[in-house]
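What follows is a single structure, written as structure tokens, with notes after it.
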Amino acid sequence: MPQRVRRKSGKPRELTFKDIDYSVKFRPTGVKSTDDVKPCCGIIGQQRAIEAIRLGLNVPSKGYNVFVTGLSGTGRTTTIKHLLEQLDHGDPELGDICYVNNFKNADNPKVLTFKAGEGRRFKKDMSYMISSIRKVVPKIFMSDDYKDRHSRIVREFEGRQKDLIAAFEERLTQAGFVMVQIQSGMGVRNEIQPLIDEEPTSLDRLERLAKEGKFSLPRLDELRRAWDSLRREFDVTTTESKKLSSKLEDGVERLNYSMVAPLITDKVNLLQKRYPDSKVQEYLDEVEEALTSDLDRFREAQPRRGEEEPPPFRKQEPFEEFSINLILDNSEAARVPIVIEKSPSYKNLFGSLERVVDRFGYWRTDFTRIFAGSLLKAAGGFLVMSALDVLTEPGVWIALKRALRNGELEITGYDPFYMMAGSGIKPEPITLDVKVVLIGEDRVYRLLWGWDEDFKKIFKVKAEFDTVMEYNPAGLDEYFQFVRRTVDEDGLLPFHLSGLQAVAEYGRRLARRRDKLTVRFTAIADIIREAVFCARQRKGRKVMRKDVYHAINAKRSRVNLVEDKIQEMFDNESLMVSTSGAAVGQINGLSVYDLGEHAFGRPSRITVSTSLGKAGIINIEREADLSGPIHNKGVLVLSGWLRQMFAQDKPLSMSASISFEQSYSGVDGDSASLTEIYGILSSLSGIPIKQGFAVTGSVNQKGDVQPIGGINEKVEGFYDVCRSRRLTGRQGVLMPHQNVQDLLLRPDVVEAIKERKFHLYPIKTVSEGIEILTGVPGGRRLPNGRFTPGSVFDKANKQLRQMALSLDRFGRDEKKKHADNPGRKRKRARPK
């Protein structure tokens with residue numbers, strides 16, 4: 001826990017080893033290793049998020065989907081899954097969903113819904129019914145009874161047809177004509193011709209003979225009239241023959257229907273009794289009508305001449321329209337579905353329509369090629385996805401909003417380039433009841449909240465995951481339990497109590513506060529596994545504190561190449577920083593280099609040059625466009641402090657330039673404002689600053705020191721530079737007193753402070769810090785408006801007063817000089 005800073009009378013405040021020691025002393029009764037700890041089975045440190053998630057998951061109203069925010073590694077996905085599994089859902093009312101053929105419009109397949117398990121049974125029953133009908137009907141057609149009836153019908157109509165043809169042939173014979181077949185192209189045609197000398201002769205030939213005088217014209221006219229009459233009679237006979245053939249087909253069809261329809265009707269009625277749902281009843285009626293209206297399909301499924309069995313396409317396609325596409329089967333579901341979709345593409349999420357090339361070479365699809373996606377598989381349950389994945393997948397976010405807003409799912413193929421638009425179908429929408437949980441960063445949530453009006457309506461619950469938890473005995477217990485669970489799950493070596501304590505210390509450092517523990521358990525689990533590796537390297541049986549420290553140092557060394565290269569530049573003095581001696585207007589500031597996965601601190605030399613003038617504070621970084629807005633603000637704030645402190649009885653007649661030496665990239669943040677004030681005071685007063693110290697801290701216009709970020713990286717960075725040049729025992733860092741609770745330094749830095757080789761001074765005001773830096777009291781304002789005699793403030797104030805007087809005297813002298821020479825004019829050169 002944070003320790004109260006001690007101060008001895010008459011001496012500057014300095015932190016002791018007890019003030020900065022953050023080692024964990026927690027020793028649960030009877031615990032010597034993880035073998036004595038029970039593994040945790042719940043969620044650690046996320047009570048606020050848990051309550052929000054429970055609300056969203058238990059409220060059945062529309063729109064109560066959940067958006068979970070928080071940093072990666074805080075256990076968001078694990079927590080969601082754990083909570084979903086823990087919720088008491090009672091007896092889930094899940095259902096099965098089938099797509100079936102729409103016999104009236106094949107492009108709009110129908111949806112049938114069943115209770116869980118009934119969908120599979122219905123599909124099996126339909127398959128059995130069609131299979132049995134396909135087996136029985138051909139046997140009916142091959143039965144002796146059917147053949148007898150069929151033969152009688154055929155004989156009856158064939159007899160009538162023969163009588164009709166015989167009567168016409170007799171009429172031809174009586175008239176002296178005969179029916180002949182003449183080749184016509186690839187076929188033959190029937191033609192009536194008269195018999196001349198017992199030989200069929202065409203009328204065209206008789207006309208040629210008549211013109212030649214070889215045939216009587218009256219006889220030709222008589223034959224032509226007879227031919228016209230016979231031709232009309234032939235047409236009538238042909239029509240009647242076709243009518244008889246049609247009646248024959250009708251008779252055979254009625255025969256087929258009379259023998260097959262009762263079988264089909266009985267089997268359909270049996271299914272209708274089992275499935276009383278009105279929509280299923282309607283579908284079965286359509287099935288019965290389709291089967292009985294096209295009995296030829298049963299013949300097409302039979303082998304033809306030369307075939308041992310029919311080919312697959314004739315064997316399947318005639319009855320494919322009666323198949324059942326069971327796209328959601330909950331027959332084996334014991335609880336509500338929990339689907340975690342890791343790749344929410346359009347196809348994976350909403351389902352797809354598979355297109356295939358048929359035997360004619362055309363793209364086609366039908367209801368049997370409709371496939372369900374994760375959204376439908378989670379129906380009646382929960383679907384968990386990454387918000388960023390959903391937003392980056394083409395077409396997914398708009399379709400997801402539409403499905404959640406309308407409460408129904410339309411399964412359509414995603415084809416943005418319309419390459420196969422001509423072969424699409426539009427299945428009937430499915431009523432959707434699902435809870436969606438999106439996991440993302442807070443910036444994604446704010447973006448959607450601000451720019452998408454639908455988002456507010458469909459994601460009404462926000463669950464925020466914290467990054468830290470309280471550091472207390474209960475929290476440490478949970479930490480130890482988490483270590484035990486990780487050890488058990490990964491089959492790792494057990495942790496000694498000292499190893500458990502070291503893991504907790506690492507958790508405090510990641511939390512960046514001594515009264516908190518991080519809940520980014522992904523990082524904690526990683527260091528646990530790496531510490532086990534270190535223990536195995538030394539062939540240890542348990543993981544000790546030194547193994548955890550070794551793992552932390554190894555983790556740091558893997559990513560700190562840039563830090564080492566910069567340190568080399570300090571070692572060879574390419575980067576100029578003094579860690580001993582004293583100098584006027586020169587001070588060490590501290591900055592943080594953030595590389596993303598690794599951050600470290602290093603000192604920077606800050607120099608100040610003051611002179612007579614009215615420019616005020618000149619921020620060289622700003623003039624060179626290298627200063628960020630927060631740094632600019634810090635410079636303006638310290639200008640306000642100078643005016644408030646020293647310009648109440650005189651004008652501030654000073655120009656002071658501030659520079660971060662050897663800084664060639666951007667500078668931002670206000671943590672150097674306190675450092676810059678000390679540089680200005682040193683330059684004004686002429687009192688040198690001890691170069692063994694570095695300063696960090698923000699300041700307000702009243703002179704109060706304010707906390708800053710990155711305190712551990714800054715202290716460690718200056719310590720590394722001092723250590724590389726030899727620790728003298730007179731080096732240290734001045735820091736805001738509020739940051740004492742944030743001190744979680746490396747063990748080697750803590751050890752150096754313990755041995756008084758390095759020092760930390762928490763300060764509250766500007767005056768406290770300048771006394772430590774110069775050895776001269778900072779001073780305070782006296783009732784007469786002046787400052788404590790001999791203090792830094794007093795000397796700076798006197799110098800500013802002298803500057804004001806000098807500037808005023810200089811101005812009067814210049815005016816007097818111009819007044820003494822009123823006729824003096826500047827000569828101009830004449831152009832030649």
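Each chain in the structure tokens gets a letter, A, B and so on, in the order shown; residues start at 1 in every chain, and ligands are counted from 1 in the order they appear.
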Near segment 699-707 of chain A, within 8 Å and counting only C-alpha atoms, which residues show up once chain neighbours fewer than 2 positions away are dropped, as a VMD selection string? chain A and resid 634 637 to 638 640 to 641 644 673 to 674 697 709 736 to 739 763 to 766
List as a count of residues only the protein and nucleic acid residues near Ala372 of chain A, meaning an atom at most 9 Å away when only C-alpha atoms are counted, but skip any in the same chain fewer than 2 places from it. 14
Given only C-alpha atoms, how would the per-residue table for segment 220-325 of chain A near segment 195-215 of chain A read, listing every residue at most 9 Å away with its closest atom pair and distance in Å to one decimal, sorted by chain and number, as a tab-separated table?
residue	atom	partner	partner_atom	distance
A:Leu220	CA	A:Leu206	CA	7.1
A:Leu223	CA	A:Leu203	CA	8.3
A:Arg224	CA	A:Leu203	CA	7.5
A:Trp227	CA	A:Leu203	CA	9.0
Include N, CA, C and O atoms and write out the residues we just selected as an mmCIF file, in the first residue's frame.
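The file below, part.cif, is the result:
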data_model
loop_
_atom_site.group_PDB
_atom_site.id
_atom_site.type_symbol
_atom_site.label_atom_id
_atom_site.label_comp_id
_atom_site.auth_asym_id
_atom_site.auth_seq_id
_atom_site.Cartn_x
_atom_site.Cartn_y
_atom_site.Cartn_z
ATOM 1 N N LEU A 220 -59.823 -37.152 -115.564
ATOM 2 C CA LEU A 220 -58.962 -36.449 -114.618
ATOM 3 C C LEU A 220 -59.775 -35.565 -113.681
ATOM 4 O O LEU A 220 -59.530 -35.532 -112.474
ATOM 5 N N LEU A 223 -61.482 -37.763 -111.153
ATOM 6 C CA LEU A 223 -60.554 -38.244 -110.127
ATOM 7 C C LEU A 223 -60.185 -37.119 -109.140
ATOM 8 O O LEU A 223 -60.014 -37.342 -107.934
ATOM 9 N N ARG A 224 -60.041 -35.892 -109.659
ATOM 10 C CA ARG A 224 -59.681 -34.783 -108.795
ATOM 11 C C ARG A 224 -60.787 -34.502 -107.780
ATOM 12 O O ARG A 224 -60.513 -34.237 -106.608
ATOM 13 N N TRP A 227 -60.685 -37.135 -105.287
ATOM 14 C CA TRP A 227 -59.520 -36.968 -104.392
ATOM 15 C C TRP A 227 -59.806 -35.898 -103.341
ATOM 16 O O TRP A 227 -59.447 -36.058 -102.173
#
Per DSSP on the backbone, what are the strand (DSSP E) residues of segment 408-556 of chain A, as number ranges by chain? A: 408-409, 430-431, 435-440, 461-464, 468-470, 516-518
Residues as selected, N, CA and C atoms, written as a PDB file, in the first residue's frame, can you do that?
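Written output follows (selection_3.pdb):
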ATOM      1  N   GLU A 408     -35.927 -10.521 -38.460  1.00  0.00           N
ATOM      2  CA  GLU A 408     -36.011 -11.629 -39.396  1.00  0.00           C
ATOM      3  C   GLU A 408     -34.751 -11.689 -40.248  1.00  0.00           C
ATOM      4  N   LEU A 409     -34.459 -12.883 -40.711  1.00  0.00           N
ATOM      5  CA  LEU A 409     -33.242 -13.135 -41.472  1.00  0.00           C
ATOM      6  C   LEU A 409     -33.594 -13.524 -42.897  1.00  0.00           C
ATOM      7  N   ILE A 430     -36.818 -15.735 -42.345  1.00  0.00           N
ATOM      8  CA  ILE A 430     -36.962 -16.540 -41.132  1.00  0.00           C
ATOM      9  C   ILE A 430     -37.071 -15.600 -39.937  1.00  0.00           C
ATOM     10  N   THR A 431     -38.081 -15.815 -39.108  1.00  0.00           N
ATOM     11  CA  THR A 431     -38.215 -15.026 -37.881  1.00  0.00           C
ATOM     12  C   THR A 431     -37.016 -15.294 -36.977  1.00  0.00           C
ATOM     13  N   LYS A 435     -29.722 -12.984 -29.295  1.00  0.00           N
ATOM     14  CA  LYS A 435     -29.015 -11.907 -28.616  1.00  0.00           C
ATOM     15  C   LYS A 435     -27.611 -11.819 -29.195  1.00  0.00           C
ATOM     16  N   VAL A 436     -27.241 -10.637 -29.640  1.00  0.00           N
ATOM     17  CA  VAL A 436     -25.924 -10.428 -30.235  1.00  0.00           C
ATOM     18  C   VAL A 436     -25.044  -9.659 -29.248  1.00  0.00           C
ATOM     19  N   VAL A 437     -23.834 -10.143 -29.062  1.00  0.00           N
ATOM     20  CA  VAL A 437     -22.852  -9.483 -28.196  1.00  0.00           C
ATOM     21  C   VAL A 437     -21.652  -9.113 -29.064  1.00  0.00           C
ATOM     22  N   LEU A 438     -21.408  -7.808 -29.196  1.00  0.00           N
ATOM     23  CA  LEU A 438     -20.239  -7.328 -29.924  1.00  0.00           C
ATOM     24  C   LEU A 438     -19.147  -6.925 -28.941  1.00  0.00           C
ATOM     25  N   ILE A 439     -17.924  -7.282 -29.251  1.00  0.00           N
ATOM     26  CA  ILE A 439     -16.783  -6.965 -28.397  1.00  0.00           C
ATOM     27  C   ILE A 439     -15.851  -6.042 -29.179  1.00  0.00           C
ATOM     28  N   GLY A 440     -15.556  -4.880 -28.617  1.00  0.00           N
ATOM     29  CA  GLY A 440     -14.701  -3.929 -29.318  1.00  0.00           C
ATOM     30  C   GLY A 440     -14.127  -2.893 -28.380  1.00  0.00           C
ATOM     31  N   VAL A 461     -27.329  -1.777 -24.556  1.00  0.00           N
ATOM     32  CA  VAL A 461     -26.572  -2.061 -23.334  1.00  0.00           C
ATOM     33  C   VAL A 461     -25.076  -1.991 -23.639  1.00  0.00           C
ATOM     34  N   LYS A 462     -24.381  -1.165 -22.872  1.00  0.00           N
ATOM     35  CA  LYS A 462     -22.920  -1.071 -22.974  1.00  0.00           C
ATOM     36  C   LYS A 462     -22.299  -1.654 -21.711  1.00  0.00           C
ATOM     37  N   ALA A 463     -21.383  -2.571 -21.891  1.00  0.00           N
ATOM     38  CA  ALA A 463     -20.671  -3.183 -20.763  1.00  0.00           C
ATOM     39  C   ALA A 463     -19.199  -2.794 -20.856  1.00  0.00           C
ATOM     40  N   GLU A 464     -18.724  -2.020 -19.890  1.00  0.00           N
ATOM     41  CA  GLU A 464     -17.355  -1.529 -19.912  1.00  0.00           C
ATOM     42  C   GLU A 464     -16.462  -2.394 -19.036  1.00  0.00           C
ATOM     43  N   VAL A 468      -8.193  -2.399 -14.260  1.00  0.00           N
ATOM     44  CA  VAL A 468      -7.572  -2.587 -12.947  1.00  0.00           C
ATOM     45  C   VAL A 468      -8.624  -3.006 -11.928  1.00  0.00           C
ATOM     46  N   MET A 469      -8.139  -3.570 -10.842  1.00  0.00           N
ATOM     47  CA  MET A 469      -8.987  -3.932  -9.714  1.00  0.00           C
ATOM     48  C   MET A 469      -8.275  -3.494  -8.435  1.00  0.00           C
ATOM     49  N   GLU A 470      -8.975  -3.515  -7.320  1.00  0.00           N
ATOM     50  CA  GLU A 470      -8.405  -3.065  -6.052  1.00  0.00           C
ATOM     51  C   GLU A 470      -7.312  -4.020  -5.565  1.00  0.00           C
ATOM     52  N   LYS A 516      -3.632  -0.730  -6.989  1.00  0.00           N
ATOM     53  CA  LYS A 516      -4.432  -1.438  -7.987  1.00  0.00           C
ATOM     54  C   LYS A 516      -3.684  -2.675  -8.482  1.00  0.00           C
ATOM     55  N   LEU A 517      -4.440  -3.584  -9.047  1.00  0.00           N
ATOM     56  CA  LEU A 517      -3.900  -4.747  -9.752  1.00  0.00           C
ATOM     57  C   LEU A 517      -4.493  -4.772 -11.154  1.00  0.00           C
ATOM     58  N   THR A 518      -3.678  -5.116 -12.125  1.00  0.00           N
ATOM     59  CA  THR A 518      -4.211  -5.174 -13.479  1.00  0.00           C
ATOM     60  C   THR A 518      -5.142  -6.378 -13.645  1.00  0.00           C
TER      61      THR A 518
END
Using backbone DSSP assignments, extract all alpha helix (DSSP H) residues from segment 349-434 of chain A; output them as a PyMOL selection string. chain A and resi 349-350+374-377+387-392+396-406
Could you write out the selected residues, including N, CA, C and O atoms, as an mmCIF file, in the first residue's frame?
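Output (selection-v3.cif):
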data_model
loop_
_atom_site.group_PDB
_atom_site.id
_atom_site.type_symbol
_atom_site.label_atom_id
_atom_site.label_comp_id
_atom_site.auth_asym_id
_atom_site.auth_seq_id
_atom_site.Cartn_x
_atom_site.Cartn_y
_atom_site.Cartn_z
ATOM 1 N N LEU A 349 -21.826 -15.596 -41.535
ATOM 2 C CA LEU A 349 -22.772 -15.019 -40.590
ATOM 3 C C LEU A 349 -24.225 -15.209 -41.021
ATOM 4 O O LEU A 349 -25.070 -15.604 -40.222
ATOM 5 N N PHE A 350 -24.522 -14.925 -42.269
ATOM 6 C CA PHE A 350 -25.914 -14.937 -42.733
ATOM 7 C C PHE A 350 -26.292 -16.174 -43.537
ATOM 8 O O PHE A 350 -27.462 -16.332 -43.899
ATOM 9 N N SER A 374 -24.008 -18.356 -38.882
ATOM 10 C CA SER A 374 -23.930 -18.308 -37.414
ATOM 11 C C SER A 374 -25.128 -17.606 -36.801
ATOM 12 O O SER A 374 -25.567 -17.956 -35.705
ATOM 13 N N LEU A 375 -25.664 -16.607 -37.489
ATOM 14 C CA LEU A 375 -26.795 -15.873 -36.937
ATOM 15 C C LEU A 375 -28.002 -16.783 -36.744
ATOM 16 O O LEU A 375 -28.712 -16.679 -35.744
ATOM 17 N N LEU A 376 -28.225 -17.689 -37.692
ATOM 18 C CA LEU A 376 -29.346 -18.620 -37.568
ATOM 19 C C LEU A 376 -29.011 -19.748 -36.606
ATOM 20 O O LEU A 376 -29.877 -20.205 -35.845
ATOM 21 N N LYS A 377 -27.762 -20.196 -36.598
ATOM 22 C CA LYS A 377 -27.373 -21.268 -35.673
ATOM 23 C C LYS A 377 -27.496 -20.821 -34.219
ATOM 24 O O LYS A 377 -27.674 -21.650 -33.330
ATOM 25 N N ALA A 387 -16.464 -6.565 -32.868
ATOM 26 C CA ALA A 387 -17.076 -5.429 -33.561
ATOM 27 C C ALA A 387 -16.233 -4.981 -34.747
ATOM 28 O O ALA A 387 -16.766 -4.654 -35.812
ATOM 29 N N LEU A 388 -14.926 -4.975 -34.583
ATOM 30 C CA LEU A 388 -14.057 -4.534 -35.668
ATOM 31 C C LEU A 388 -14.148 -5.478 -36.857
ATOM 32 O O LEU A 388 -14.166 -5.037 -38.016
ATOM 33 N N ASP A 389 -14.236 -6.779 -36.588
ATOM 34 C CA ASP A 389 -14.376 -7.743 -37.688
ATOM 35 C C ASP A 389 -15.692 -7.535 -38.424
ATOM 36 O O ASP A 389 -15.752 -7.617 -39.657
ATOM 37 N N VAL A 390 -16.748 -7.275 -37.672
ATOM 38 C CA VAL A 390 -18.059 -7.064 -38.287
ATOM 39 C C VAL A 390 -18.041 -5.822 -39.181
ATOM 40 O O VAL A 390 -18.621 -5.812 -40.276
ATOM 41 N N LEU A 391 -17.376 -4.775 -38.728
ATOM 42 C CA LEU A 391 -17.361 -3.521 -39.479
ATOM 43 C C LEU A 391 -16.466 -3.594 -40.707
ATOM 44 O O LEU A 391 -16.716 -2.891 -41.701
ATOM 45 N N THR A 392 -15.441 -4.408 -40.663
ATOM 46 C CA THR A 392 -14.503 -4.457 -41.784
ATOM 47 C C THR A 392 -14.887 -5.477 -42.844
ATOM 48 O O THR A 392 -14.396 -5.402 -43.970
ATOM 49 N N VAL A 396 -21.461 -6.759 -44.151
ATOM 50 C CA VAL A 396 -21.955 -7.444 -42.942
ATOM 51 C C VAL A 396 -22.725 -6.499 -42.025
ATOM 52 O O VAL A 396 -23.807 -6.832 -41.536
ATOM 53 N N TRP A 397 -22.181 -5.299 -41.755
ATOM 54 C CA TRP A 397 -22.794 -4.414 -40.765
ATOM 55 C C TRP A 397 -24.207 -3.995 -41.178
ATOM 56 O O TRP A 397 -25.132 -4.024 -40.363
ATOM 57 N N ILE A 398 -24.402 -3.617 -42.417
ATOM 58 C CA ILE A 398 -25.728 -3.196 -42.880
ATOM 59 C C ILE A 398 -26.716 -4.344 -42.770
ATOM 60 O O ILE A 398 -27.851 -4.169 -42.296
ATOM 61 N N ALA A 399 -26.308 -5.530 -43.206
ATOM 62 C CA ALA A 399 -27.213 -6.684 -43.146
ATOM 63 C C ALA A 399 -27.515 -7.077 -41.700
ATOM 64 O O ALA A 399 -28.641 -7.483 -41.385
ATOM 65 N N LEU A 400 -26.526 -6.962 -40.802
ATOM 66 C CA LEU A 400 -26.754 -7.303 -39.396
ATOM 67 C C LEU A 400 -27.747 -6.333 -38.766
ATOM 68 O O LEU A 400 -28.659 -6.742 -38.028
ATOM 69 N N LYS A 401 -27.587 -5.049 -39.041
ATOM 70 C CA LYS A 401 -28.541 -4.062 -38.519
ATOM 71 C C LYS A 401 -29.949 -4.368 -39.011
ATOM 72 O O LYS A 401 -30.915 -4.304 -38.244
ATOM 73 N N ARG A 402 -30.084 -4.690 -40.281
ATOM 74 C CA ARG A 402 -31.402 -4.960 -40.855
ATOM 75 C C ARG A 402 -32.042 -6.179 -40.190
ATOM 76 O O ARG A 402 -33.230 -6.170 -39.862
ATOM 77 N N ALA A 403 -31.243 -7.222 -39.972
ATOM 78 C CA ALA A 403 -31.776 -8.430 -39.360
ATOM 79 C C ALA A 403 -32.225 -8.184 -37.920
ATOM 80 O O ALA A 403 -33.299 -8.636 -37.504
ATOM 81 N N LEU A 404 -31.420 -7.438 -37.142
ATOM 82 C CA LEU A 404 -31.778 -7.179 -35.748
ATOM 83 C C LEU A 404 -32.931 -6.184 -35.640
ATOM 84 O O LEU A 404 -33.773 -6.296 -34.742
ATOM 85 N N ARG A 405 -32.969 -5.226 -36.542
ATOM 86 C CA ARG A 405 -34.040 -4.225 -36.511
ATOM 87 C C ARG A 405 -35.386 -4.830 -36.890
ATOM 88 O O ARG A 405 -36.413 -4.549 -36.277
ATOM 89 N N ASN A 406 -35.391 -5.682 -37.915
ATOM 90 C CA ASN A 406 -36.637 -6.262 -38.409
ATOM 91 C C ASN A 406 -36.995 -7.567 -37.716
ATOM 92 O O ASN A 406 -38.126 -8.043 -37.843
#
Which residues are close to Glu14 of chain A, i.e. within 7 Å by only C-alpha atoms, leaving aside same-chain residues fewer than 3 positions away? Reply as a list in words. Arg7, His759, Leu760, Tyr761 and Pro762 of chain A
May I ask which of the residues A:Gln537, A:Ser685, A:Ser241, A:Ser665 is the closest one to Lys798 of chain A, counting only C-alpha atoms? A:Ser685
What separation in Å, quoted to one decimal, exists between atom CA of Tyr479 of chain A and atom CA of Asp442 of chain A? 26.0 Å
Near segment 593-608 of chain A, within 9 Å and counting only C-alpha atoms, which residues show up once chain neighbours fewer than 4 positions away are dropped, as a PyMOL selection string? chain A and resi 556+559-560+562-563+566-567+575-578+584-589+656-663+675-676+679-680+682-683+694+710-721
At a cut-off of 12 Å, using only C-alpha atoms, what residues contact Ile192 of chain A? Leave out same-chain residues fewer than 2 positions from it and give the result as a PyMOL selection string. chain A and resi 168-169+171-173+175-182+189-190+194-195+200-203+223-224+226-235
Same residues, N, CA and C atoms, saved as a compact mmCIF listing (two decimals), in the first residue's frame:
# COMPACT_ATOMS: atom_id res chain seq x y z
N PHE A 168 -62.21 -46.05 -93.56
CA PHE A 168 -61.65 -45.08 -94.51
C PHE A 168 -60.95 -45.81 -95.65
N GLU A 169 -60.20 -46.89 -95.30
CA GLU A 169 -59.52 -47.64 -96.35
C GLU A 169 -60.52 -48.28 -97.32
N ARG A 171 -63.40 -47.09 -98.07
CA ARG A 171 -63.89 -45.98 -98.91
C ARG A 171 -62.87 -45.68 -99.99
N LEU A 172 -61.58 -45.74 -99.69
CA LEU A 172 -60.56 -45.52 -100.68
C LEU A 172 -60.63 -46.58 -101.79
N THR A 173 -60.80 -47.83 -101.36
CA THR A 173 -60.83 -48.94 -102.32
C THR A 173 -62.02 -48.79 -103.27
N ALA A 175 -63.47 -46.12 -104.12
CA ALA A 175 -63.28 -44.98 -105.03
C ALA A 175 -62.11 -45.19 -105.97
N GLY A 176 -61.38 -46.29 -105.82
CA GLY A 176 -60.26 -46.55 -106.71
C GLY A 176 -59.00 -45.80 -106.31
N PHE A 177 -58.86 -45.52 -105.07
CA PHE A 177 -57.68 -44.84 -104.58
C PHE A 177 -56.94 -45.72 -103.57
N VAL A 178 -55.70 -45.32 -103.29
CA VAL A 178 -54.88 -46.05 -102.35
C VAL A 178 -54.02 -45.05 -101.57
N MET A 179 -53.67 -45.37 -100.29
CA MET A 179 -52.80 -44.51 -99.44
C MET A 179 -51.36 -44.99 -99.59
N VAL A 180 -50.51 -44.05 -100.01
CA VAL A 180 -49.10 -44.37 -100.18
C VAL A 180 -48.27 -43.43 -99.28
N GLN A 181 -47.04 -43.85 -98.93
CA GLN A 181 -46.10 -43.05 -98.14
C GLN A 181 -44.98 -42.55 -99.03
N ILE A 182 -44.75 -41.26 -98.98
CA ILE A 182 -43.77 -40.62 -99.83
C ILE A 182 -42.69 -39.99 -98.95
N ARG A 189 -44.53 -38.84 -95.56
CA ARG A 189 -45.88 -38.32 -95.42
C ARG A 189 -46.84 -39.21 -96.18
N ASN A 190 -48.09 -39.23 -95.71
CA ASN A 190 -49.14 -40.03 -96.36
C ASN A 190 -49.78 -39.22 -97.49
N PRO A 194 -54.78 -42.17 -106.95
CA PRO A 194 -55.67 -43.08 -107.67
C PRO A 194 -54.90 -44.27 -108.25
N LEU A 195 -55.59 -45.38 -108.41
CA LEU A 195 -55.00 -46.56 -109.02
C LEU A 195 -55.28 -46.52 -110.52
N PRO A 200 -50.44 -47.07 -108.32
CA PRO A 200 -50.70 -45.74 -107.76
C PRO A 200 -50.04 -44.68 -108.63
N THR A 201 -50.84 -43.66 -108.98
CA THR A 201 -50.32 -42.59 -109.84
C THR A 201 -50.73 -41.26 -109.23
N SER A 202 -49.76 -40.34 -109.18
CA SER A 202 -50.06 -39.03 -108.60
C SER A 202 -50.88 -38.20 -109.57
N LEU A 203 -51.64 -37.27 -109.06
CA LEU A 203 -52.45 -36.39 -109.89
C LEU A 203 -51.57 -35.51 -110.77
N LEU A 223 -61.48 -37.76 -111.15
CA LEU A 223 -60.55 -38.24 -110.13
C LEU A 223 -60.18 -37.12 -109.14
N ARG A 224 -60.04 -35.89 -109.66
CA ARG A 224 -59.68 -34.78 -108.79
C ARG A 224 -60.79 -34.50 -107.78
N ALA A 226 -62.99 -36.65 -106.72
CA ALA A 226 -63.00 -37.77 -105.76
C ALA A 226 -61.83 -37.61 -104.76
N TRP A 227 -60.68 -37.14 -105.29
CA TRP A 227 -59.52 -36.97 -104.39
C TRP A 227 -59.81 -35.90 -103.34
N ASP A 228 -60.45 -34.80 -103.75
CA ASP A 228 -60.78 -33.74 -102.79
C ASP A 228 -61.69 -34.26 -101.69
N SER A 229 -62.69 -35.05 -102.07
CA SER A 229 -63.63 -35.60 -101.09
C SER A 229 -62.91 -36.55 -100.14
N LEU A 230 -62.05 -37.40 -100.72
CA LEU A 230 -61.32 -38.35 -99.87
C LEU A 230 -60.32 -37.63 -98.96
N ARG A 231 -59.76 -36.56 -99.49
CA ARG A 231 -58.80 -35.83 -98.66
C ARG A 231 -59.48 -35.22 -97.44
N ARG A 232 -60.66 -34.69 -97.67
CA ARG A 232 -61.40 -34.13 -96.51
C ARG A 232 -61.77 -35.24 -95.54
N GLU A 233 -62.15 -36.35 -96.07
CA GLU A 233 -62.51 -37.48 -95.20
C GLU A 233 -61.28 -37.99 -94.45
N PHE A 234 -60.13 -37.94 -95.12
CA PHE A 234 -58.88 -38.36 -94.48
C PHE A 234 -58.54 -37.43 -93.30
N ASP A 235 -58.73 -36.15 -93.53
CA ASP A 235 -58.45 -35.21 -92.45
C ASP A 235 -59.36 -35.46 -91.25
Near Asp547 of chain A, within 12 Å and counting only C-alpha atoms, which residues show up once chain neighbours fewer than 5 positions away are dropped, as a list of chain:residue names? A:Leu493, A:Phe495, A:His496, A:Ser498, A:Gly499, A:Leu500, A:Gln501, A:Ala502, A:Val503, A:Ile527, A:Ile528, A:Arg529, A:Glu530, A:Ala531, A:Val532, A:Phe533, A:Cys534, A:Ala535, A:Arg536, A:Gln537, A:Arg538, A:Lys539, A:Gly540, A:Arg541, A:Lys542, A:Ile552, A:Asn553, A:Ala554
Please build the interface table for segment 466-578 of chain A against segment 21-34 of chain A with a cut-off of 8 Å, listing for each qualifying residue the nearest atom pair and the distance in Å to one decimal; count only C-alpha atoms, order rows by chain and increasing number, and write it as a Markdown table.
| residue | atom | partner | partner_atom | distance |
| --- | --- | --- | --- | --- |
| A:Pro473 | CA | A:Phe26 | CA | 7.2 |
| A:Leu476 | CA | A:Phe26 | CA | 7.6 |
| A:Asp477 | CA | A:Pro28 | CA | 7.9 |
| A:Phe480 | CA | A:Thr34 | CA | 7.3 |
| A:Gln481 | CA | A:Thr34 | CA | 7.9 |
| A:Val483 | CA | A:Thr34 | CA | 7.4 |
| A:Arg484 | CA | A:Thr34 | CA | 5.4 |
| A:Pro494 | CA | A:Thr34 | CA | 5.6 |
| A:Phe495 | CA | A:Thr34 | CA | 5.3 |
| A:His496 | CA | A:Ser33 | CA | 4.2 |
| A:Leu497 | CA | A:Ser33 | CA | 4.9 |
| A:Leu500 | CA | A:Ser33 | CA | 7.7 |
| A:Gln501 | CA | A:Val24 | CA | 5.4 |
| A:Ala502 | CA | A:Val24 | CA | 7.3 |
| A:Ala504 | CA | A:Val24 | CA | 7.0 |
| A:Glu505 | CA | A:Ser23 | CA | 6.2 |
| A:Arg514 | CA | A:Tyr22 | CA | 7.0 |
